[in-house]
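File shown here: target.cif, holding mmCIF, C-alpha atoms.
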```
data_start
loop_
_atom_site.label_atom_id
_atom_site.label_comp_id
_atom_site.auth_asym_id
_atom_site.auth_seq_id
_atom_site.Cartn_x
_atom_site.Cartn_y
_atom_site.Cartn_z
CA MET A 454 249.91 104.03 31.40
CA LYS A 455 251.65 105.31 34.52
CA LEU A 456 250.33 107.53 37.29
CA TYR A 457 252.84 109.84 39.02
CA GLN A 458 251.61 110.84 42.45
CA LEU A 459 252.20 111.50 46.13
CA ALA A 460 250.15 108.83 47.89
CA PRO A 461 248.85 110.80 50.90
CA SER A 462 247.84 113.93 48.95
CA PRO A 463 244.11 114.75 48.58
CA SER A 464 244.40 114.82 44.79
CA ALA A 465 245.97 111.37 44.64
CA ARG A 466 243.31 110.08 47.02
CA ARG A 467 240.64 111.48 44.74
CA VAL A 468 242.01 109.75 41.65
CA GLY A 469 242.64 106.56 43.64
CA ILE A 470 239.02 106.27 44.82
CA PHE A 471 237.75 107.14 41.34
CA MET A 472 239.85 104.35 39.77
CA LYS A 473 238.58 101.79 42.26
CA GLU A 474 234.99 102.86 41.59
CA ILE A 475 235.37 102.29 37.84
CA GLY A 476 237.65 99.25 38.23
CA VAL A 477 240.83 100.63 36.69
CA GLU A 478 244.36 99.79 37.88
CA ILE A 479 247.48 101.66 36.75
CA GLU A 480 251.14 101.42 37.67
CA SER A 481 251.89 104.11 40.21
CA VAL A 482 255.15 106.09 40.51
CA HIS A 483 255.86 107.94 43.76
CA VAL A 484 256.92 111.59 43.40
CA ASP A 485 258.61 113.18 46.42
CA ILE A 486 256.78 116.52 46.36
CA ARG A 487 257.86 117.64 49.80
CA GLY A 488 261.45 117.02 48.74
CA GLY A 489 260.87 119.16 45.67
CA ALA A 490 260.93 116.39 43.02
CA ASN A 491 258.21 118.27 41.13
CA LEU A 492 260.35 121.39 40.85
CA THR A 493 262.90 119.85 38.46
CA GLU A 494 262.97 120.93 34.85
CA GLU A 495 262.28 117.35 33.78
CA PHE A 496 259.05 117.17 35.76
CA LEU A 497 257.94 120.64 34.69
CA GLY A 498 258.38 119.58 31.08
CA LYS A 499 255.81 116.85 31.64
CA SER A 500 253.26 118.44 33.95
CA ALA A 501 251.65 121.62 32.61
CA ASN A 502 250.70 122.76 36.12
CA GLY A 503 253.91 121.45 37.71
CA ARG A 504 251.85 119.24 40.02
CA ILE A 505 250.78 115.70 40.63
CA PRO A 506 248.86 113.53 39.96
CA LEU A 507 250.20 113.22 36.44
CA LEU A 508 249.06 110.54 34.00
CA GLU A 509 251.46 109.30 31.33
CA LEU A 510 249.77 107.65 28.36
CA ASP A 511 251.47 104.88 26.40
CA ASP A 512 252.30 107.28 23.56
CA GLY A 513 254.11 109.64 25.93
CA THR A 514 251.28 112.19 26.24
CA TYR A 515 250.89 113.65 29.74
CA ILE A 516 247.68 114.71 31.47
CA CYS A 517 247.74 116.55 34.78
CA GLU A 518 244.86 117.89 36.94
CA SER A 519 243.06 115.12 38.81
CA VAL A 520 239.61 115.74 37.35
CA ALA A 521 241.00 115.71 33.80
CA ILE A 522 242.68 112.37 34.61
CA CYS A 523 239.39 110.98 35.96
CA ARG A 524 237.51 112.09 32.84
CA TYR A 525 240.11 110.43 30.61
CA LEU A 526 240.09 107.17 32.55
CA GLU A 527 236.30 106.98 32.56
CA ALA A 528 235.97 107.84 28.86
CA THR A 529 238.49 105.17 27.87
CA SER A 530 237.03 102.44 30.11
CA ASP A 531 234.36 100.01 29.04
CA PRO A 532 230.91 101.63 29.06
CA LEU A 533 229.80 101.96 32.66
CA PRO A 534 226.28 101.42 34.00
CA GLN A 535 226.48 104.76 35.82
CA SER A 536 228.96 107.46 34.88
CA LEU A 537 230.57 109.21 37.84
CA PHE A 538 230.15 112.45 35.89
CA GLY A 539 226.40 111.88 35.48
CA ASN A 540 224.17 110.50 32.73
CA GLY A 541 222.29 112.87 30.43
CA ALA A 542 222.46 116.65 30.13
CA LEU A 543 220.68 117.57 33.37
CA GLU A 544 222.47 115.12 35.64
CA GLN A 545 225.83 116.00 34.10
CA ALA A 546 225.13 119.67 34.80
CA GLN A 547 224.09 118.89 38.37
CA VAL A 548 227.24 116.84 38.99
CA GLU A 549 229.36 119.63 37.51
CA MET A 550 227.52 122.21 39.63
CA TRP A 551 227.94 120.39 42.93
CA HIS A 552 231.44 119.27 42.12
CA ARG A 553 232.47 122.88 41.54
CA ILE A 554 230.73 124.03 44.72
CA VAL A 555 232.50 121.32 46.73
CA GLU A 556 235.83 122.11 45.08
CA PHE A 557 235.86 125.91 45.26
CA GLN A 558 234.07 126.44 48.57
CA GLY A 559 235.28 123.18 50.07
CA LEU A 560 238.48 121.43 49.04
CA TYR A 561 240.31 124.41 47.57
CA THR A 562 239.40 126.54 50.58
CA ALA A 563 240.62 123.79 52.94
CA LEU A 564 243.89 123.51 51.01
CA GLN A 565 244.45 127.27 51.25
CA ALA A 566 243.71 127.11 54.97
CA PHE A 567 246.15 124.23 55.48
CA ARG A 568 248.99 125.60 53.39
CA ASN A 569 248.80 129.13 54.81
CA ILE A 570 248.39 128.05 58.44
CA SER A 571 250.87 125.17 58.48
CA GLY A 572 253.44 126.71 56.13
CA VAL A 573 254.19 123.20 54.86
CA TYR A 574 255.46 124.66 51.56
CA SER A 575 256.93 127.86 52.97
CA ASP A 576 260.21 126.96 51.27
CA ARG A 577 258.55 127.70 47.93
CA GLU A 578 255.55 129.96 48.53
CA ASN A 579 254.70 133.01 50.64
CA CYS A 580 252.22 132.07 53.34
CA VAL A 581 249.62 134.45 54.73
CA PRO A 582 248.42 132.91 58.02
CA SER A 583 245.51 135.36 58.37
CA TRP A 584 244.20 134.16 54.99
CA GLY A 585 244.57 130.61 56.26
CA GLU A 586 242.39 131.43 59.27
CA GLU A 587 239.85 133.25 57.08
CA SER A 588 239.72 130.25 54.73
CA LYS A 589 239.16 127.91 57.66
CA ALA A 590 236.28 130.08 58.88
CA ARG A 591 234.76 130.10 55.39
CA LEU A 592 235.04 126.32 55.17
CA ILE A 593 233.20 125.92 58.49
CA SER A 594 230.43 128.28 57.40
CA PHE A 595 230.09 126.36 54.11
CA LEU A 596 229.32 122.98 55.73
CA PRO A 597 225.59 123.68 56.39
CA THR A 598 225.04 124.13 52.62
CA LEU A 599 226.14 120.52 52.19
CA ASN A 600 223.91 119.36 55.03
CA THR A 601 220.86 121.08 53.51
CA GLN A 602 221.42 119.42 50.14
CA LEU A 603 221.93 116.01 51.77
CA ALA A 604 218.71 116.41 53.78
CA SER A 605 216.74 115.77 50.59
CA HIS A 606 219.20 113.87 48.41
CA LYS A 607 220.98 110.56 48.86
CA PHE A 608 224.23 111.88 47.40
CA ILE A 609 225.58 115.40 47.05
CA ALA A 610 224.63 115.89 43.38
CA GLY A 611 221.35 113.95 43.55
CA GLU A 612 220.35 110.31 43.76
CA HIS A 613 223.52 108.77 42.31
CA PHE A 614 227.05 108.50 43.65
CA SER A 615 229.32 110.80 41.60
CA ILE A 616 232.77 112.37 41.48
CA ALA A 617 231.34 115.18 43.62
CA ASP A 618 230.91 112.66 46.46
CA ILE A 619 234.52 111.53 46.04
CA THR A 620 235.80 115.10 46.29
CA LEU A 621 233.55 115.78 49.28
CA PHE A 622 234.74 112.63 51.03
CA VAL A 623 238.37 113.61 50.45
CA LEU A 624 237.59 117.12 51.72
CA ILE A 625 236.00 115.91 54.98
CA ASN A 626 238.98 113.66 55.66
CA PHE A 627 241.49 116.36 54.77
CA ALA A 628 239.74 118.97 56.93
CA LYS A 629 240.95 117.11 60.04
CA ASN A 630 244.40 118.58 59.26
CA ILE A 631 243.01 122.02 60.11
CA ASP A 632 240.91 120.72 63.03
CA VAL A 633 237.61 120.94 61.20
CA GLU A 634 235.16 118.08 61.73
CA ILE A 635 231.49 117.63 60.90
CA PRO A 636 229.55 119.35 63.72
CA GLU A 637 227.04 117.09 65.48
CA GLU A 638 224.01 119.11 64.35
CA LEU A 639 224.81 118.49 60.65
CA ASN A 640 223.38 115.00 60.88
CA HIS A 641 222.60 114.54 57.19
CA LEU A 642 226.21 115.28 56.29
CA ALA A 643 227.41 112.92 59.04
CA LEU A 644 225.15 110.11 57.81
CA TRP A 645 226.28 110.64 54.22
CA PHE A 646 229.91 110.44 55.38
CA LYS A 647 229.27 107.15 57.15
CA THR A 648 227.59 105.72 54.04
CA VAL A 649 230.44 106.70 51.74
CA ALA A 650 233.10 105.57 54.22
CA ALA A 651 231.62 102.06 53.95
CA ARG A 652 232.21 101.81 50.19
CA PRO A 653 234.92 99.31 49.20
CA SER A 654 236.60 101.98 47.02
CA VAL A 655 237.61 104.08 50.03
CA GLN A 656 238.90 101.27 52.27
CA MET B 180 214.70 129.27 30.17
CA LYS B 181 215.92 132.36 32.00
CA LEU B 182 219.43 133.40 32.94
CA TYR B 183 219.87 135.42 36.14
CA GLN B 184 223.11 137.39 36.08
CA LEU B 185 225.08 140.53 36.71
CA ALA B 186 226.10 141.73 33.26
CA PRO B 187 229.63 143.02 33.97
CA SER B 188 230.78 140.05 36.11
CA PRO B 189 233.46 137.70 34.73
CA SER B 190 231.17 134.68 35.17
CA ALA B 191 228.35 136.28 33.21
CA ARG B 192 230.82 137.30 30.51
CA ARG B 193 232.00 133.70 30.30
CA VAL B 194 228.51 132.29 29.84
CA GLY B 195 227.64 135.14 27.44
CA ILE B 196 230.57 134.40 25.10
CA PHE B 197 229.89 130.65 25.32
CA MET B 198 226.24 131.14 24.30
CA LYS B 199 227.22 133.27 21.30
CA GLU B 200 229.77 130.66 20.22
CA ILE B 201 227.13 127.90 20.19
CA GLY B 202 224.34 130.17 18.94
CA VAL B 203 222.03 130.10 21.96
CA GLU B 204 219.93 133.05 23.15
CA ILE B 205 218.15 133.14 26.51
CA GLU B 206 216.09 135.78 28.31
CA SER B 207 218.36 137.51 30.81
CA VAL B 208 217.32 138.83 34.24
CA HIS B 209 219.58 141.36 35.96
CA VAL B 210 220.47 140.58 39.60
CA ASP B 211 221.82 143.49 41.67
CA ILE B 212 224.64 141.61 43.42
CA ARG B 213 226.42 144.69 44.74
CA GLY B 214 223.12 145.78 46.29
CA GLY B 215 222.84 142.34 47.92
CA ALA B 216 219.95 140.95 45.83
CA ASN B 217 221.62 137.54 45.99
CA LEU B 218 221.57 137.51 49.79
CA THR B 219 217.78 137.21 50.07
CA GLU B 220 216.24 133.97 51.23
CA GLU B 221 214.33 133.71 47.95
CA PHE B 222 217.51 133.81 45.88
CA LEU B 223 219.36 131.42 48.19
CA GLY B 224 216.51 128.96 47.77
CA LYS B 225 217.20 128.89 44.04
CA SER B 226 220.98 129.10 43.79
CA ALA B 227 222.87 126.35 45.60
CA ASN B 228 226.04 128.47 45.80
CA GLY B 229 224.15 131.74 46.41
CA ARG B 230 225.72 133.22 43.30
CA ILE B 231 225.04 134.17 39.73
CA PRO B 232 224.87 133.24 36.92
CA LEU B 233 221.85 131.06 37.62
CA LEU B 234 219.92 129.23 34.91
CA GLU B 235 216.21 128.55 35.40
CA LEU B 236 214.87 125.71 33.27
CA ASP B 237 211.28 125.69 32.04
CA ASP B 238 210.32 123.09 34.66
CA GLY B 239 211.61 125.29 37.50
CA THR B 240 214.92 123.47 37.99
CA TYR B 241 217.85 125.76 38.76
CA ILE B 242 221.47 125.32 37.74
CA CYS B 243 224.21 127.58 39.10
CA GLU B 244 227.99 127.59 38.45
CA SER B 245 228.87 129.00 35.05
CA VAL B 246 230.66 125.93 33.71
CA ALA B 247 227.73 123.68 34.68
CA ILE B 248 225.42 126.09 32.82
CA CYS B 249 227.68 125.96 29.75
CA ARG B 250 227.72 122.16 29.81
CA TYR B 251 223.93 122.03 30.02
CA LEU B 252 223.44 124.52 27.20
CA GLU B 253 225.86 122.73 24.92
CA ALA B 254 224.44 119.26 25.67
CA THR B 255 220.88 120.41 24.94
CA SER B 256 221.76 122.30 21.75
CA ASP B 257 221.74 120.79 18.28
CA PRO B 258 224.82 118.67 17.67
CA LEU B 259 227.76 121.02 17.12
CA PRO B 260 230.59 120.53 14.61
CA GLN B 261 233.13 121.18 17.39
CA SER B 262 232.29 120.89 21.07
CA LEU B 263 233.73 123.66 23.23
CA PHE B 264 234.53 120.95 25.81
CA GLY B 265 236.51 118.93 23.23
CA ASN B 266 235.77 115.93 21.02
CA GLY B 267 236.91 112.46 22.07
CA ALA B 268 238.49 111.26 25.32
CA LEU B 269 241.95 112.81 24.90
CA GLU B 270 240.80 116.23 23.71
CA GLN B 271 238.14 116.38 26.43
CA ALA B 272 240.81 115.62 29.02
CA GLN B 273 243.12 118.28 27.58
CA VAL B 274 240.35 120.89 27.61
CA GLU B 275 239.49 119.95 31.20
CA MET B 276 243.17 120.09 32.17
CA TRP B 277 243.84 123.51 30.69
CA HIS B 278 240.51 124.87 31.78
CA ARG B 279 241.27 123.94 35.37
CA ILE B 280 244.78 125.39 35.15
CA VAL B 281 243.39 128.65 33.77
CA GLU B 282 240.62 128.71 36.39
CA PHE B 283 242.59 127.86 39.52
CA GLN B 284 245.89 129.56 38.76
CA GLY B 285 244.33 132.29 36.65
CA LEU B 286 240.75 133.48 37.07
CA TYR B 287 240.18 132.36 40.66
CA THR B 288 243.53 133.81 41.71
CA ALA B 289 242.68 137.11 39.98
CA LEU B 290 239.28 137.21 41.70
CA GLN B 291 240.89 136.65 45.10
CA ALA B 292 243.39 139.42 44.33
CA PHE B 293 240.64 141.82 43.28
CA ARG B 294 238.24 141.13 46.14
CA ASN B 295 240.91 141.24 48.85
CA ILE B 296 242.70 144.33 47.51
CA SER B 297 239.63 146.38 46.51
CA GLY B 298 237.38 145.30 49.36
CA VAL B 299 234.42 145.56 46.97
CA TYR B 300 232.45 143.07 49.08
CA SER B 301 233.86 144.09 52.47
CA ASP B 302 230.24 144.53 53.66
CA ARG B 303 229.86 140.73 53.55
CA GLU B 304 233.32 139.17 53.71
CA ASN B 305 236.56 139.67 55.61
CA CYS B 306 239.25 140.92 53.29
CA VAL B 307 242.95 140.13 53.71
CA PRO B 308 244.83 142.69 51.56
CA SER B 309 248.16 140.86 51.94
CA TRP B 310 246.57 137.75 50.42
CA GLY B 311 245.26 139.95 47.63
CA GLU B 312 248.81 141.13 46.89
CA GLU B 313 250.17 137.58 47.11
CA SER B 314 247.45 136.40 44.69
CA LYS B 315 248.33 139.18 42.27
CA ALA B 316 252.00 138.17 42.38
CA ARG B 317 251.07 134.53 41.76
CA LEU B 318 248.90 135.51 38.81
CA ILE B 319 251.76 137.47 37.24
CA SER B 320 254.17 134.56 37.72
CA PHE B 321 251.62 132.18 36.13
CA LEU B 322 251.36 134.07 32.81
CA PRO B 323 254.58 132.59 31.27
CA THR B 324 253.04 129.08 31.55
CA LEU B 325 250.28 130.24 29.20
CA ASN B 326 252.80 131.81 26.83
CA THR B 327 254.83 128.57 26.65
CA GLN B 328 251.74 126.53 25.79
CA LEU B 329 250.64 129.05 23.15
CA ALA B 330 254.10 129.01 21.56
CA SER B 331 253.31 125.58 20.13
CA HIS B 332 249.50 125.52 20.06
CA LYS B 333 246.95 127.68 18.29
CA PHE B 334 244.62 127.69 21.29
CA ILE B 335 245.27 127.12 24.98
CA ALA B 336 244.08 123.48 25.07
CA GLY B 337 245.40 122.54 21.64
CA GLU B 338 244.39 123.22 18.05
CA HIS B 339 240.72 123.99 18.64
CA PHE B 340 238.99 126.90 20.32
CA SER B 341 237.44 125.72 23.61
CA ILE B 342 235.85 126.89 26.84
CA ALA B 343 239.40 127.19 28.24
CA ASP B 344 240.03 130.01 25.74
CA ILE B 345 236.84 131.76 26.84
CA THR B 346 237.87 131.62 30.49
CA LEU B 347 241.39 132.79 29.63
CA PHE B 348 240.02 135.69 27.58
CA VAL B 349 237.76 136.72 30.46
CA LEU B 350 240.72 136.44 32.84
CA ILE B 351 243.01 138.67 30.76
CA ASN B 352 240.29 141.32 30.52
CA PHE B 353 239.45 141.07 34.21
CA ALA B 354 243.11 141.30 35.27
CA LYS B 355 243.13 144.97 34.20
CA ASN B 356 241.14 145.62 37.39
CA ILE B 357 244.23 144.71 39.40
CA ASP B 358 246.62 146.44 36.97
CA VAL B 359 247.90 143.23 35.43
CA GLU B 360 248.42 143.26 31.66
CA ILE B 361 250.18 140.87 29.29
CA PRO B 362 253.90 141.78 29.45
CA GLU B 363 255.44 142.61 26.07
CA GLU B 364 257.80 139.63 26.11
CA LEU B 365 254.91 137.14 26.28
CA ASN B 366 254.29 137.58 22.56
CA HIS B 367 252.50 134.26 22.00
CA LEU B 368 249.95 135.10 24.67
CA ALA B 369 249.53 138.61 23.24
CA LEU B 370 248.96 137.25 19.72
CA TRP B 371 246.46 134.69 21.00
CA PHE B 372 244.60 137.48 22.80
CA LYS B 373 244.40 139.54 19.60
CA THR B 374 243.06 136.52 17.68
CA VAL B 375 240.36 135.75 20.25
CA ALA B 376 239.42 139.43 20.64
CA ALA B 377 238.53 139.44 16.91
CA ARG B 378 235.91 136.68 17.27
CA PRO B 379 232.32 137.88 16.78
CA SER B 380 231.31 136.18 20.06
CA VAL B 381 233.35 138.60 22.18
CA GLN B 382 232.37 141.84 20.42
#
```

Mind turning the file's structure into structure tokens?
Amino acid sequence: MKLYQLAPSPSARRVGIFMKEIGVEIESVHVDIRGGANLTEEFLGKSANGRIPLLELDDGTYICESVAICRYLEATSDPLPQSLFGNGALEQAQVEMWHRIVEFQGLYTALQAFRNISGVYSDRENCVPSWGEESKARLISFLPTLNTQLASHKFIAGEHFSIADITLFVLINFAKNIDVEIPEELNHLALWFKTVAARPSVQ
Amino acid sequence: MKLYQLAPSPSARRVGIFMKEIGVEIESVHVDIRGGANLTEEFLGKSANGRIPLLELDDGTYICESVAICRYLEATSDPLPQSLFGNGALEQAQVEMWHRIVEFQGLYTALQAFRNISGVYSDRENCVPSWGEESKARLISFLPTLNTQLASHKFIAGEHFSIADITLFVLINFAKNIDVEIPEELNHLALWFKTVAARPSVQ
């Protein structure tokens, strides 16, 4: 297998931490996204969403979308003591629920803020700076929801570390790009961040 | 179990079709979202994202986020001949991949277009009409990707009907609200839509 990616991107970081957590190593191929290497016809023929990370299986099948890649890697690894997608129907639903909340209200909102404010991809997309600012404001007003959940739970989806924690960790790090940090009063979120930052998988 | 929802919303439609496909019936409770019934402290104490649909289990546990609800309902139903999330590692990854593509580039983009252009929730959120128009343009330019995939596959994630088809069907119907319809030249997408529209679950 090969993993096509752009090392500093949040999606690549997400898959990278996930792989370390489940003990999987794959050959990595750098794709120069900012230089437009993902806009070639060759790349678009491989990646259904035209994006990285992109996993190439040994039979030439391609899987894009970071969460789909994580699911595939976990399902094809040796049975794990604790699945990062949750064990059993209820926990799996709770991981899915919190992961979606963190993705839609968190990471995706932060990405829209960053791309529309910075104009980093203005060579290939129309940017709307006022939407960037609105997204940033929404991200800031979303953080207390996370703090409330972490006041009574060790991890964001419950008592076990899950993919939702990985996405949240990537989000908090990425948010620095739009000058958003954990406010002092959200102490449960801050403590959670410190705990996760100490895991070997994120070093 | 009880399902709190707003009948005409895309999310409720998604869960509704999913339940019919797997043969599950649950008591439904109408929530007057446009009247702000989801903004009360009581509701926010139940729904982690403050939104519907919201599933109440018999023990008083709540699950929000439509895809998390679908996962829970499928996992707790009798074993199904064909899971709507895919069977086996590769198919599950392909369903996840296409579902995410359809959600992020499709349904979520259409929702942002609709909310920002129509201002339907301008009593509780800042709308940016130019982002609404940009989202609409991005949705239109995304449709050929779906057509290409459906040129060589019976359903959007492959040869089996999946939750990705349900979300895509809901998207195509919802897009009418922003005057987006399947263009005539995307004949594979149009044929797929006709096939899915004939399923008993969507009647």

Explicit residue set for the PyMOL selection byres ((chain A and resi 621-630) around 8), as a VMD selection string: chain A and resid 463 466 to 467 555 to 556 559 to 560 563 567 617 to 620 631 to 635 646 649 to 650

Taking the file as I've supplied it (selection: the PyMOL selection byres ((chain B) within 7 of (chain A))), which residues are included? Please answer as a VMD selection string. chain B and resid 228 242 to 244 247 to 248 250 to 251 254 to 255 268 to 269 272 to 273 275 to 276 280 307 310

For CA of Pro232 in chain B and CA of Ile196 in chain B, quote the distance in Å rounded to one decimal.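 Result for CA of Pro232 in chain B versus CA of Ile196 in chain B: 13.2 Å, one decimal.
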
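Taken over the shown file, the PyMOL selection byres ((chain B and resi 202) around 10) identifies Ile196, Phe197, Met198, Lys199, Glu200, Ile201, Val203, Glu204, Glu253, Ser256, Asp257, Leu259 and Ser380 of chain B.
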
Produce a file of the selected residues containing C-alpha atoms, as a CSV table (one decimal), in the frame of the given file.
```csv
chain,number,residue,atom,x,y,z
B,196,ILE,CA,230.6,134.4,25.1
B,197,PHE,CA,229.9,130.6,25.3
B,198,MET,CA,226.2,131.1,24.3
B,199,LYS,CA,227.2,133.3,21.3
B,200,GLU,CA,229.8,130.7,20.2
B,201,ILE,CA,227.1,127.9,20.2
B,203,VAL,CA,222.0,130.1,22.0
B,204,GLU,CA,219.9,133.0,23.2
B,253,GLU,CA,225.9,122.7,24.9
B,256,SER,CA,221.8,122.3,21.8
B,257,ASP,CA,221.7,120.8,18.3
B,259,LEU,CA,227.8,121.0,17.1
B,380,SER,CA,231.3,136.2,20.1
```

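Note that the spacing between CA of His483 in chain A and CA of Ile570 in chain A amounts to 26.0 Å.
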
What separation in Å, quoted to one decimal, exists between CA of Leu318 in chain B and CA of Ala186 in chain B? 24.3 Å

Pick from B:Ala377, B:Ile319, B:Val299, B:Val194 nearest to Ile212 in chain B, counting all atoms listed in the file: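 Closest to Ile212 in chain B of all the choices is B:Val299.
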
Best match for closeness to Lys333 in chain B among B:Met180, B:Leu234, B:Ala316, B:His367, counting only C-alpha atoms: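 Closest to Lys333 in chain B, using only C-alpha atoms: B:His367.
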
Just want the 8 Å neighbourhood of Leu639 in chain A, counted on only C-alpha atoms, with same-chain residues fewer than 3 positions away dropped. Output as a ChimeraX atom specification. /A:597,600,635-636,642-643

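Here the question is which of A:Gln656, A:Ser615, A:Leu603, A:Leu596 gets nearest to Glu637 in chain A using all atoms listed in the file, and that residue is A:Leu596.
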
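For the residues B:Glu338, B:Glu364, B:Glu312, B:Asp302, ranking by smallest atom-to-atom distance to Thr288 in chain B using all atoms listed in the file places B:Glu312 first.
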